[in-house]
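Note sheet for the following structure.
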Amino acid sequence: MYRFLFTYLFCASFLNLSAQGFQVNFQGQKQQGMGFAGTALFQDASSIFYNAGSIAFSNENSVNVSVTPIFANVLYVDSATGGAYRTENPVGTPFCAYGLFQHKKNAKFKFGFGIYTPFGSTVQWEDNWIGRFAIARLKLQAIYIQPTISYRLSKKIGIGGGFIYSKGSVNLQKDIPIQDSLGNYSHVELNGKAAGFGFNLGVNFQINENFSLGLSYRSKIKMNVKQGDADFSVPSSLASNFPDGYFSGTLPLPDVATIGFAYKTTPKCTFVLDINHVGWKSYDTLAFDYEENTTSLVDTKSPRNYKNIIAFRAGAEYKVSEVLSLRCGGGFGFTPVQDGYLTPETPDANRIYGTLGVSCQFNKRFSMDASLYYTHIKRAGRNIETNLNGTFTTIAIAPGFSLIYNW
Amino acid sequence: MIRNLTYFLLPIVALLFCACKPKFTKEEVSKGEINPTRFIMIGGGHTAGYMDDALYSEGQENSLANLISKQLALVGGEQTFYQALVSPNSVGIGLSGFARFILGFKTDCKGVEALSPLRISSAGDASILSINTYNSMQKFQNFGIPGLKLNNVSTPNYGSINPFFGRMASSVTTTVLSDAIASEPTFFSLFLGIEDVLDFAKSGGTDDNMPTVDAFENDYTQVVETLLNNGAKGVLAKIPDITKLPYFTTIPWNGLSLDEENSISLNNFYNQLGYSFQIGINPFMIVDSSANIFAVRQILENELFLLSLPLDSVKCNKMGTLFPIRDEFVLDLNELQTLRNRIAGYNGVISSLATQYGLAIVNSDNFFANLNDGFIYNGVSMSAKFVSGGAYSLDGIHFNAKGNALLANEFLKSINQKYNSRIPLLNANSYDGIYFP
């Protein structure tokens, strides 16, 4: 007659979306140095990501390899208890590699290939933190592979497009508020691989010698996890309530539309501005479908209710000499996370950030770029699903380096 | 070149590690208008840390009184809070003399094995009640005493009536209140009244010794005034609707599941009385002397069975069908009305006394009601469901440590609100719930 119904909500918190959702735009050191802007400008092979149309104006073969370690730490202060909890994130290492080719000098067609990691963070909260039943650890990896073709329609207009194949993995862990005979809490680990498809389009207008305009569009990609592994550690008396098995889920990676401007005041000095529109509204629910449901293990739907956002990015570049260029930039982005939906895996807020950059052209073929990104964000709120109520403070610093070889 | 680069980069990397940790500045705490130096609390089982139907040490460590005192210590209260602790190795002892419950597997009369509360030992630890632990150098501060009714707070020789007080009393003749005063409280908390209505409820309404609202008012006023004479401030707590505790809500009124054959035979038997049965779920039959000459009827939807109902008799010996369930296992609508009216009357008294004397009041009735509806606390679903709800101990009446922490937070919120203090709340997620085998 005693029926033990465990309907612990597997309340959500799936893929981490950091940096204005998951737009971790560490995809090119020169753009990073200028506040992530550069849609209107051919910079180097990394423009394969920023604007596939702009590479039509290149005139080189080029290989570009870049890495940007992210040092990010979050502090959570619980409003009721005053308790402080921190993340113990390992260093994130987004990397990218691009190749840009033409079959002859001044060819109208350019071919490009990009591999980049627009997601790649791990959020690891300290043991036994107050939100351990919402999330303990989330590791997200995604690699985008983008073959690209670009065509110079005229001296003024370049167009380009790329197909994106995205491959990723997710590992989510949290504690379950059920204690075993020694008092240890139960635990669940969800492990899945996801894949998705999309595309990247761009147009670049060289309006005159000084002024250029870029439009780019990166499509939404649905990352589908099929047959992910759900692994439960629960007391033996409840093992049948929490069967290990498969789960499936989908995470929409939103589309991004960008208009970018670049203005050369002198041959040495360039200013850039990008305005992004990110279609976060597509991320309204995070659903988990467990292959085998029990009274304890039910499919879940967690509201995310993200909203579409706009972000502004701007920067400047100054060519000190043939060898040395300096950059600086910054940006402002609205958060897609509405009040009531702040989560410990995405403690997102409207953010202001600043960046610096430098390039060294060692010789005609070989150059090196470096950049530095810094942001400090803070947001207080109560999550309507978990009732976690506190203040998240995040500091992220990301120094990046790249090596470029042209021929 | 590479070497120089390393020299150049290493300090930068080290700097980045340090620079990117957000700084934590502790929020200010404050005692506000109270003097938290020495805290005492008077109450019943919840206050004592009685849980799993016994007094035992882990329960006491997580008693409502002890948890509140821990937080008061953060704003200047004494670091020690003296309780009449039971030995850590003891199996504990309950009001009925048994050892505490643990969750284990039990095989019922039909041979079905299921998770169920079991006694950790065949007998309770009687030595707990026979040894007096009073120490004049470390006067007790937790006057949470299992079974303590309001009108017993000033009863002389109460220790000989209730051994749970006897084991901590300063003398044979002393009263709970005079021992409490002897501890020189600067701040007090009262959580009285539950035990006054619990006997009635746990006896299925057969044991009616609930005080009248007038008597309750007299007694409560006397306790409050005595404590105030000492110059202390305090917090009073209202009484929850105890009929919503898992002890009264776990066994469903219509849990009688019938196949065709059984429904026909019961219909043959009861149709002449006007009761009919169908295939599937049905209300159980209960004893009601006013129902008809056979003193039997079907239980109504809003009437309650008690957890004391012998389920093996129900499953295997036709209890609830041919043998109607006795009154002592049922709270009928009249009894429920009596109980709820009385609780409302008592709560009216507690509220007006709090207003009259300028004391903080805990709307614990609202808290228990919220728990019945269920809520999410820092990612954890909490409800009043037996065992799975997360807050109640295995006796279905008293909270476990997690539940006590949640309730203690309600006390702290009320104190903060009334006395402009900033006492941090407890992280209830760091307190234990039920252990599963």
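Ligands are numbered from 1 in the order shown, residues from 1 within each chain, and chains are lettered A, B, ... in the order they appear in the structure tokens.
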
Contacts of Gly379 (chain B) within 12 Å, only C-alpha atoms, excl. fewer than 2 positions in-chain, as a PyMOL selection string: (chain A and resi 8-13+129-136+174-177+343-344+382-389) or (chain B and resi 375-377+381-382+428-429)

Within 7 Å of chain B: residues of chain A, using only C-alpha atoms, as a ChimeraX atom specification: /A:4-6,8,71-75,80-82,130-131,133-134,177,179-181,183,235-237,386-388,393-397

For Ile221 (chain A): contacts at 12 Å, only C-alpha atoms, fewer than 6 positions along chain excluded, given as number ranges by chain: A: 142, 144, 163-168, 194-200, 250-256, 279-280, 282-283

Who sits within 7 Å of region 136-143 of chain B, only C-alpha atoms, same chain under 2 positions skipped, as a PyMOL selection string: chain B and resi 39-43+48+65+81-84+134+145+180+183

Contacts of Ala40 (chain A) within 12 Å, only C-alpha atoms, excl. fewer than 2 positions in-chain, as a ChimeraX atom specification: /A:31,36-38,42-43,47,50-55,57,157-159,202-207,210-216,258-264,270-275,314

Residue nearest Gly330 (chain A) - candidates A:Phe26, A:Ala257, A:Gln124, A:Gln32, atoms counted: only C-alpha atoms: A:Gln32

Picked from region 194-278 of chain A by DSSP as strand (DSSP E or B), as number ranges by chain: A: 194-206, 211-218, 221-233, 245-253, 256-266, 269-278

8 Å contact set for Leu356 (chain A), only C-alpha atoms, chain neighbours under 6 positions out, as a PyMOL selection string: chain A and resi 32-35+326-329+371-373

Shell around Phe242 (chain A) at 8 Å using only C-alpha atoms, local window under 6 positions removed, as a ChimeraX atom specification: /A:232,234,294,296-297

Those same residues, written as a compact mmCIF listing (two decimals), in the first residue's frame with all heavy atoms?
# COMPACT_ATOMS: atom_id res chain seq x y z
N PHE A 232 22.65 6.13 -13.70
CA PHE A 232 22.21 6.53 -12.37
C PHE A 232 22.97 5.75 -11.29
O PHE A 232 23.13 4.53 -11.40
CB PHE A 232 20.72 6.25 -12.18
CG PHE A 232 19.85 7.09 -13.07
CD1 PHE A 232 19.42 6.62 -14.29
CD2 PHE A 232 19.46 8.36 -12.67
CE1 PHE A 232 18.63 7.40 -15.12
CE2 PHE A 232 18.66 9.15 -13.47
CZ PHE A 232 18.25 8.66 -14.71
N VAL A 234 22.10 5.08 -7.62
CA VAL A 234 21.07 5.25 -6.60
C VAL A 234 21.13 4.07 -5.64
O VAL A 234 21.74 3.04 -5.96
CB VAL A 234 19.66 5.34 -7.23
CG1 VAL A 234 19.51 6.57 -8.11
CG2 VAL A 234 19.33 4.08 -8.03
N THR A 294 9.85 5.53 -15.68
CA THR A 294 9.26 4.89 -14.51
C THR A 294 8.51 5.97 -13.74
O THR A 294 8.52 7.13 -14.13
CB THR A 294 10.34 4.28 -13.59
OG1 THR A 294 11.09 5.34 -12.99
CG2 THR A 294 11.28 3.37 -14.34
N SER A 296 9.45 7.22 -11.19
CA SER A 296 10.47 8.16 -10.70
C SER A 296 11.13 8.92 -11.82
O SER A 296 11.60 10.04 -11.65
CB SER A 296 11.56 7.40 -9.95
OG SER A 296 11.01 6.50 -9.06
N LEU A 297 11.23 8.28 -12.94
CA LEU A 297 12.00 8.84 -14.05
C LEU A 297 11.04 9.20 -15.18
O LEU A 297 10.64 8.35 -15.96
CB LEU A 297 13.03 7.82 -14.52
CG LEU A 297 14.02 8.31 -15.56
CD1 LEU A 297 14.79 9.50 -15.06
CD2 LEU A 297 14.97 7.19 -15.95
